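Structure first, then comments.
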Amino acid sequence: SHSLSSLTGCNIWLKKEQLQFTGSFKERGARNALLSLLSDRRQAGVVAASAGNHALALAYHGAALGIPVTVVMPTVAPMAKVDRCRSLGAHVVLAGAHIGEAKAHAIEAFGHRSTYINGFDDPAVLAGTGTLGMELLEQVPHCDAVVVPIGGAGLVAGVALAVKTLNPAVRVIG
């Protein structure tokens, strides 16, 4: 970023994950989690609770890989994301006033037959988000620090694990 670099007196590089097909980094973890499933689990499908980005990522990559996806979205989820998940082929269920209630419903109603994939607390999802950190160090090998936003903490966990494994001297800031 020329403008941010000029403002700060540092070389600032941006990893523009909003340019992924579904608009977020969530695709990395979702695809890796889906690819990590054994064939019988792929056929049974997956379920997740999400208000948007994780649901979109699973819907998109589930369709591409032929894996049935059910997403339970809280009733306050943005309708644009609900509609987009449906258009990508996911079975969408609206349940719960917040993500905690949506998750409880997903596990209770679908967890006995489908694999539950958590959007930020799943080893395969974290490994997928870690690819962002790996790419970052390939593209900017002499970086001093990586700044990562924190929501559910899946992105920072995956990126930190990858970056610190490859170069422990790089500072990771959440």
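Order determines the names: the first chain of the structure tokens is A, the second B, and so forth; residues in each chain are numbered 1 upward, and ligands are numbered 1 upward as they are shown.
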Under the rule of at most 10 Å, produce a per-residue listing of region 61-165 of chain A near region 14-25 of chain A: chain, number, name, the closest pair of atoms, and the distance in Å, as a Markdown table, using only C-alpha atoms.
```
| residue | atom | partner | partner_atom | distance |
| --- | --- | --- | --- | --- |
| A:His61 | CA | A:Thr22 | CA | 9.9 |
| A:Lys81 | CA | A:Thr22 | CA | 9.9 |
| A:Arg84 | CA | A:Thr22 | CA | 9.3 |
| A:Cys85 | CA | A:Thr22 | CA | 9.9 |
| A:Gly128 | CA | A:Phe25 | CA | 9.3 |
| A:Thr129 | CA | A:Phe25 | CA | 7.2 |
| A:Leu132 | CA | A:Lys15 | CA | 8.2 |
| A:Gly133 | CA | A:Lys15 | CA | 9.7 |
| A:Glu135 | CA | A:Lys15 | CA | 9.2 |
| A:Leu136 | CA | A:Lys15 | CA | 7.5 |
| A:Gln139 | CA | A:Lys15 | CA | 9.9 |
| A:Val146 | CA | A:Leu14 | CA | 9.8 |
| A:Val147 | CA | A:Leu14 | CA | 9.7 |
| A:Leu155 | CA | A:Phe25 | CA | 8.0 |
```
Margin query: For region 28-41 of chain A, find every residue with an atom within 9 Å (counting only C-alpha atoms), except residues of its own chain fewer than 2 positions away, and show them as a PyMOL selection string.
Written below: chain A and resi 24-26+43-46+54-55+57-58+60-62+65+67+113-115+117+119-120+122-132+154-155
Kindly export the residues of the current selection with N, CA, C and O atoms, as a short mmCIF file (atom, residue, chain, number, x, y, z; two decimals), in the first residue's frame.
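Result file is out-v3.cif:
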```cif
data_model
loop_
_atom_site.label_atom_id
_atom_site.label_comp_id
_atom_site.auth_asym_id
_atom_site.auth_seq_id
_atom_site.Cartn_x
_atom_site.Cartn_y
_atom_site.Cartn_z
N SER A 24 -14.15 -13.20 1.57
CA SER A 24 -13.40 -13.25 2.83
C SER A 24 -12.39 -14.39 2.83
O SER A 24 -12.45 -15.30 2.00
N PHE A 25 -11.50 -14.35 3.82
CA PHE A 25 -10.49 -15.38 4.02
C PHE A 25 -11.11 -16.72 4.40
O PHE A 25 -10.44 -17.75 4.34
N LYS A 26 -12.37 -16.75 4.79
CA LYS A 26 -13.01 -17.96 5.29
C LYS A 26 -12.95 -19.12 4.29
O LYS A 26 -13.04 -20.28 4.68
N GLN A 43 -19.93 -37.73 1.78
CA GLN A 43 -21.25 -38.10 1.29
C GLN A 43 -22.34 -37.71 2.28
O GLN A 43 -23.43 -37.29 1.89
N ALA A 44 -22.06 -37.82 3.58
CA ALA A 44 -23.04 -37.48 4.60
C ALA A 44 -23.25 -35.97 4.69
O ALA A 44 -24.30 -35.51 5.13
N GLY A 45 -22.26 -35.20 4.27
CA GLY A 45 -22.38 -33.75 4.28
C GLY A 45 -21.90 -33.11 5.55
O GLY A 45 -21.50 -33.78 6.51
N VAL A 46 -21.95 -31.79 5.55
CA VAL A 46 -21.48 -31.03 6.70
C VAL A 46 -22.56 -30.06 7.14
O VAL A 46 -23.47 -29.72 6.39
N HIS A 54 -18.51 -17.73 6.92
CA HIS A 54 -18.19 -19.16 6.99
C HIS A 54 -19.24 -19.96 6.22
O HIS A 54 -18.91 -20.88 5.48
N ALA A 55 -20.50 -19.57 6.35
CA ALA A 55 -21.58 -20.23 5.62
C ALA A 55 -21.38 -20.10 4.11
O ALA A 55 -21.51 -21.09 3.37
N ALA A 57 -18.57 -19.57 2.50
CA ALA A 57 -17.39 -20.34 2.08
C ALA A 57 -17.70 -21.83 1.98
O ALA A 57 -17.32 -22.49 1.01
N LEU A 58 -18.40 -22.36 2.97
CA LEU A 58 -18.78 -23.78 2.92
C LEU A 58 -19.73 -24.04 1.76
O LEU A 58 -19.60 -25.06 1.06
N TYR A 60 -20.06 -22.45 -1.10
CA TYR A 60 -19.34 -22.35 -2.37
C TYR A 60 -18.44 -23.56 -2.61
O TYR A 60 -18.51 -24.21 -3.66
N HIS A 61 -17.62 -23.89 -1.64
CA HIS A 61 -16.69 -25.00 -1.83
C HIS A 61 -17.38 -26.36 -1.71
O HIS A 61 -16.96 -27.32 -2.36
N GLY A 62 -18.43 -26.44 -0.91
CA GLY A 62 -19.19 -27.68 -0.85
C GLY A 62 -19.80 -28.01 -2.21
O GLY A 62 -19.72 -29.14 -2.68
N LEU A 65 -17.12 -29.20 -4.60
CA LEU A 65 -16.57 -30.53 -4.27
C LEU A 65 -17.65 -31.61 -4.21
O LEU A 65 -17.35 -32.77 -3.96
N ILE A 67 -20.11 -31.83 -1.99
CA ILE A 67 -20.39 -32.16 -0.59
C ILE A 67 -21.61 -31.38 -0.14
O ILE A 67 -21.62 -30.15 -0.20
N ARG A 113 -25.85 -36.84 11.83
CA ARG A 113 -25.61 -37.40 10.51
C ARG A 113 -24.59 -36.61 9.69
O ARG A 113 -24.05 -37.12 8.72
N SER A 114 -24.35 -35.37 10.07
CA SER A 114 -23.43 -34.52 9.32
C SER A 114 -22.25 -34.13 10.21
O SER A 114 -22.39 -34.05 11.43
N THR A 115 -21.12 -33.85 9.59
CA THR A 115 -19.95 -33.38 10.33
C THR A 115 -20.08 -31.89 10.60
O THR A 115 -20.29 -31.11 9.67
N ILE A 117 -18.67 -28.34 11.25
CA ILE A 117 -17.42 -27.62 10.99
C ILE A 117 -17.54 -26.23 11.61
O ILE A 117 -18.33 -25.40 11.16
N GLY A 119 -16.35 -22.53 12.38
CA GLY A 119 -15.68 -21.54 11.53
C GLY A 119 -14.36 -21.02 12.06
O GLY A 119 -13.62 -20.36 11.32
N PHE A 120 -14.02 -21.29 13.32
CA PHE A 120 -12.77 -20.76 13.87
C PHE A 120 -12.12 -21.69 14.88
O PHE A 120 -10.99 -21.45 15.29
N ASP A 122 -11.46 -25.27 14.72
CA ASP A 122 -11.39 -26.56 14.05
C ASP A 122 -9.98 -26.69 13.48
O ASP A 122 -9.53 -25.78 12.78
N PRO A 123 -9.26 -27.76 13.77
CA PRO A 123 -7.87 -27.88 13.30
C PRO A 123 -7.72 -27.73 11.78
O PRO A 123 -6.78 -27.07 11.31
N ALA A 124 -8.63 -28.30 11.01
CA ALA A 124 -8.51 -28.21 9.54
C ALA A 124 -8.80 -26.78 9.07
O ALA A 124 -8.19 -26.30 8.11
N VAL A 125 -9.71 -26.09 9.74
CA VAL A 125 -9.99 -24.69 9.40
C VAL A 125 -8.78 -23.83 9.71
O VAL A 125 -8.36 -22.99 8.91
N LEU A 126 -8.17 -24.05 10.88
CA LEU A 126 -6.97 -23.28 11.25
C LEU A 126 -5.82 -23.55 10.28
O LEU A 126 -5.09 -22.62 9.91
N ALA A 127 -5.66 -24.79 9.87
CA ALA A 127 -4.60 -25.11 8.90
C ALA A 127 -4.87 -24.38 7.58
O ALA A 127 -3.94 -23.87 6.95
N GLY A 128 -6.13 -24.31 7.19
CA GLY A 128 -6.47 -23.58 5.96
C GLY A 128 -6.17 -22.10 6.07
O GLY A 128 -5.62 -21.50 5.14
N THR A 129 -6.52 -21.50 7.20
CA THR A 129 -6.22 -20.07 7.36
C THR A 129 -4.72 -19.84 7.46
O THR A 129 -4.23 -18.77 7.10
N GLY A 130 -4.00 -20.84 7.92
CA GLY A 130 -2.54 -20.73 8.00
C GLY A 130 -1.88 -20.55 6.64
O GLY A 130 -0.78 -19.99 6.54
N THR A 131 -2.56 -20.98 5.57
CA THR A 131 -1.98 -20.80 4.24
C THR A 131 -1.80 -19.33 3.91
O THR A 131 -0.91 -18.96 3.15
N LEU A 132 -2.61 -18.47 4.52
CA LEU A 132 -2.46 -17.04 4.32
C LEU A 132 -1.10 -16.58 4.87
O LEU A 132 -0.38 -15.83 4.22
N GLY A 154 -9.84 -17.47 14.67
CA GLY A 154 -9.36 -18.53 13.80
C GLY A 154 -8.30 -18.04 12.83
O GLY A 154 -7.33 -18.74 12.56
N LEU A 155 -8.48 -16.84 12.30
CA LEU A 155 -7.51 -16.29 11.35
C LEU A 155 -6.17 -16.03 12.04
O LEU A 155 -5.13 -16.47 11.56
#
```
Notebook entry, point to check: Nearest to Val156 (chain A): which of A:Asp121, A:Phe110, A:Ala49, A:Leu137 is it, counting only C-alpha atoms?
Noted result: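 Of A:Asp121, A:Phe110, A:Ala49, A:Leu137, the one nearest Val156 (chain A) is A:Asp121, counting only C-alpha atoms.
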Check: In Å, how far is it from CA of Gly152 (chain A) to CA of Gly100 (chain A)?
Finding: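 Straight-line distance from CA of Gly152 (chain A) to CA of Gly100 (chain A) works out to 12.6 Å.
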Item checked: Which of A:Ala90, A:Leu56, A:Ile12, A:Val82 sits closest to Pro68 (chain A) [using only C-alpha atoms] ->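 The shortest atom-to-atom distance to Pro68 (chain A) comes from A:Ala90.
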Notebook entry, point to check: Out of chain A, which residues get helix (DSSP H, G or I) from DSSP, as a PyMOL selection string?
Noted result: chain A and resi 2-8+17-19+26-35+39-44+53-65+79-87+99-110+123-139+154-166
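Here CA of Glu27 (chain A) stands at a distance of 24.9 Å from CA of Val170 (chain A).
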Check: Pick the closest to Asn11 (chain A) from A:Asp144, A:Gly174, A:Ala169, A:Ile150: which is it, counting only C-alpha atoms?
Finding: A:Asp144
